$ cat entry.txt   # compact mmCIF, C-alpha atoms
# COMPACT_ATOMS: atom_id res chain seq x y z
CA MET A 1431 47.27 242.21 49.67
CA ALA A 1432 48.09 243.47 53.16
CA ASN A 1433 45.77 246.12 54.60
CA GLU A 1434 42.72 244.34 53.15
CA LEU A 1435 39.75 244.05 55.49
CA ILE A 1436 38.94 240.52 56.67
CA LEU A 1437 35.83 239.56 58.60
CA ILE A 1438 36.35 236.78 61.16
CA VAL A 1439 33.18 235.05 62.36
CA GLU A 1440 34.13 232.87 65.30
CA ASP A 1441 32.48 232.24 68.68
CA ASN A 1442 35.50 230.64 70.38
CA PRO A 1443 37.56 233.47 71.93
CA LYS A 1444 40.87 231.57 71.71
CA ASN A 1445 40.38 230.72 68.03
CA LEU A 1446 39.30 234.29 67.32
CA LYS A 1447 42.38 235.72 69.03
CA LEU A 1448 44.71 233.35 67.17
CA VAL A 1449 43.26 234.20 63.75
CA ARG A 1450 42.98 237.94 64.49
CA ASP A 1451 46.53 238.24 65.83
CA THR A 1452 48.00 236.25 62.94
CA LEU A 1453 46.22 238.34 60.31
CA GLN A 1454 46.98 241.65 61.98
CA LEU A 1455 50.64 240.70 62.34
CA LYS A 1456 50.72 240.28 58.54
CA GLY A 1457 49.15 243.72 58.04
CA TYR A 1458 45.50 242.82 57.48
CA ARG A 1459 42.70 244.80 59.10
CA THR A 1460 40.09 242.68 60.83
CA ILE A 1461 36.54 242.98 62.07
CA GLU A 1462 34.89 240.32 64.16
CA ALA A 1463 31.53 238.72 64.82
CA ALA A 1464 30.55 235.96 67.24
CA THR A 1465 27.28 234.87 65.58
CA GLY A 1466 26.17 234.06 62.06
CA GLU A 1467 23.60 236.86 62.11
CA GLU A 1468 26.19 239.43 63.16
CA GLY A 1469 28.58 238.08 60.52
CA VAL A 1470 25.99 238.54 57.77
CA ARG A 1471 25.27 242.09 58.94
CA LEU A 1472 28.94 243.05 59.08
CA ALA A 1473 29.66 241.46 55.70
CA ARG A 1474 26.89 243.51 54.11
CA ASP A 1475 27.77 246.74 55.93
CA GLU A 1476 31.57 246.62 55.74
CA GLN A 1477 32.14 244.75 52.45
CA PRO A 1478 35.30 242.89 53.58
CA ALA A 1479 37.68 241.43 51.02
CA LEU A 1480 37.41 238.02 52.70
CA VAL A 1481 35.15 236.32 55.24
CA LEU A 1482 36.54 233.55 57.46
CA MET A 1483 33.60 231.84 59.11
CA ASP A 1484 33.25 229.05 61.63
CA ILE A 1485 30.60 226.51 60.67
CA GLN A 1486 29.16 225.89 64.15
CA LEU A 1487 27.96 229.22 65.53
CA PRO A 1488 25.26 230.34 67.94
CA GLY A 1489 22.09 231.32 66.09
CA ILE A 1490 22.33 230.53 62.41
CA SER A 1491 25.17 228.28 61.30
CA GLY A 1492 28.10 229.45 59.24
CA VAL A 1493 26.70 227.49 56.30
CA GLU A 1494 23.37 229.33 56.52
CA ALA A 1495 25.16 232.66 56.89
CA PHE A 1496 27.09 232.00 53.67
CA ARG A 1497 23.86 231.01 51.92
CA GLN A 1498 22.39 234.36 52.87
CA LEU A 1499 25.48 236.21 51.65
CA ARG A 1500 25.52 234.29 48.37
CA ALA A 1501 21.86 235.15 47.81
CA ASP A 1502 22.77 238.84 47.98
CA PRO A 1503 23.63 239.89 44.39
CA SER A 1504 26.03 242.58 45.66
CA LYS A 1505 28.29 239.93 47.31
CA PRO A 1506 29.06 237.18 44.80
CA ILE A 1507 31.47 234.54 46.03
CA SER A 1508 33.94 233.33 43.43
CA VAL A 1509 34.99 229.77 44.17
CA ARG A 1510 37.86 230.12 41.69
CA GLU A 1511 39.22 233.21 43.49
CA LEU A 1512 38.86 231.46 46.83
CA LEU A 1513 40.87 228.46 45.64
CA GLU A 1514 43.53 230.69 44.07
CA THR A 1515 43.88 232.60 47.32
CA ILE A 1516 44.15 229.39 49.34
CA ARG A 1517 46.84 228.08 46.96
CA GLU A 1518 48.76 231.35 47.29
CA VAL A 1519 48.55 231.28 51.09
CA LEU A 1520 49.56 227.64 51.33
CA GLY A 1521 52.36 228.22 48.85
CA ASP A 1522 53.65 231.12 50.95
CA ALA A 1523 53.47 229.01 54.09
CA GLY A 1524 55.46 226.12 52.68

$ encode --input "entry.txt" --output "structure tokens"
Amino acid sequence: MANELILIVEDNPKNLKLVRDTLQLKGYRTIEAATGEEGVRLARDEQPALVLMDIQLPGISGVEAFRQLRADPSKPISVRELLETIREVLGDAG
């Protein structure tokens, strides 16, 4: 799965750097946004494989940003795929 594009939406610079550096070290490409609005725009424009989003953001919240993305028929979010990916990642980490 390395080389996949991941969008990180995070307004805390230290958290952003930690997530970005960790993902890039494992071979993932990243793009970043600091607000929910910017995250929605980048998700629609860049079509990342995964979006990691903080809940408390300036402007619209991460929850509202995900609602907007889910309402877009070109970006369905599969809860099953999300859970499978989380299990894989946690399995690899343990």

$ residues_near_point --input "entry.txt" --point "(38.7, 240.9, 60.2)" --cutoff "9 Å" --atoms "only C-alpha atoms" --output "list in words"
Glu1434, Leu1435, Ile1436, Leu1437, Ile1438, Val1439, Val1449, Arg1450, Leu1453, Gln1454, Tyr1458, Arg1459, Thr1460, Ile1461, Glu1462, Ala1463, Pro1478, Leu1480, Val1481 and Leu1482 of chain A

$ residues_around --input "entry.txt" --residues "Ser1504 of chain A" --least-positions-apart "3" --cutoff "10 Å" --atoms "all atoms listed in the file" --output "PyMOL selection string"
chain A and resi 1474+1477+1499-1501+1507

$ closest_residue --input "entry.txt" --among "A:Arg1517, A:Lys1505, A:Arg1510, A:Gly1469" --to "Asp1484 of chain A" --atoms "all atoms listed in the file"
A:Gly1469

$ closest_atom_pairs --input "entry.txt" --of "segment 1432-1452 of chain A" --to "segment 1486-1493 of chain A" --cutoff "10 Å" --atoms "all atoms listed in the file" --output "CSV"
residue,atom,partner,partner_atom,distance
A:Val1439,CA,A:Gly1492,CA,8.2
A:Glu1440,CA,A:Leu1487,CA,7.2
A:Asp1441,CA,A:Leu1487,CA,6.3
A:Asn1442,CA,A:Leu1487,CA,9.1

$ atom_distance --input "entry.txt" --atom1 "atom CA of Ala1495 of chain A" --atom2 "atom CA of Leu1448 of chain A"
22.1 Å

$ atom_distance --input "entry.txt" --atom1 "atom CA of Val1470 of chain A" --atom2 "atom CA of Arg1497 of chain A"
9.8 Å

$ atom_distance --input "entry.txt" --atom1 "atom CA of Asp1451 of chain A" --atom2 "atom CA of Gln1498 of chain A"
27.7 Å
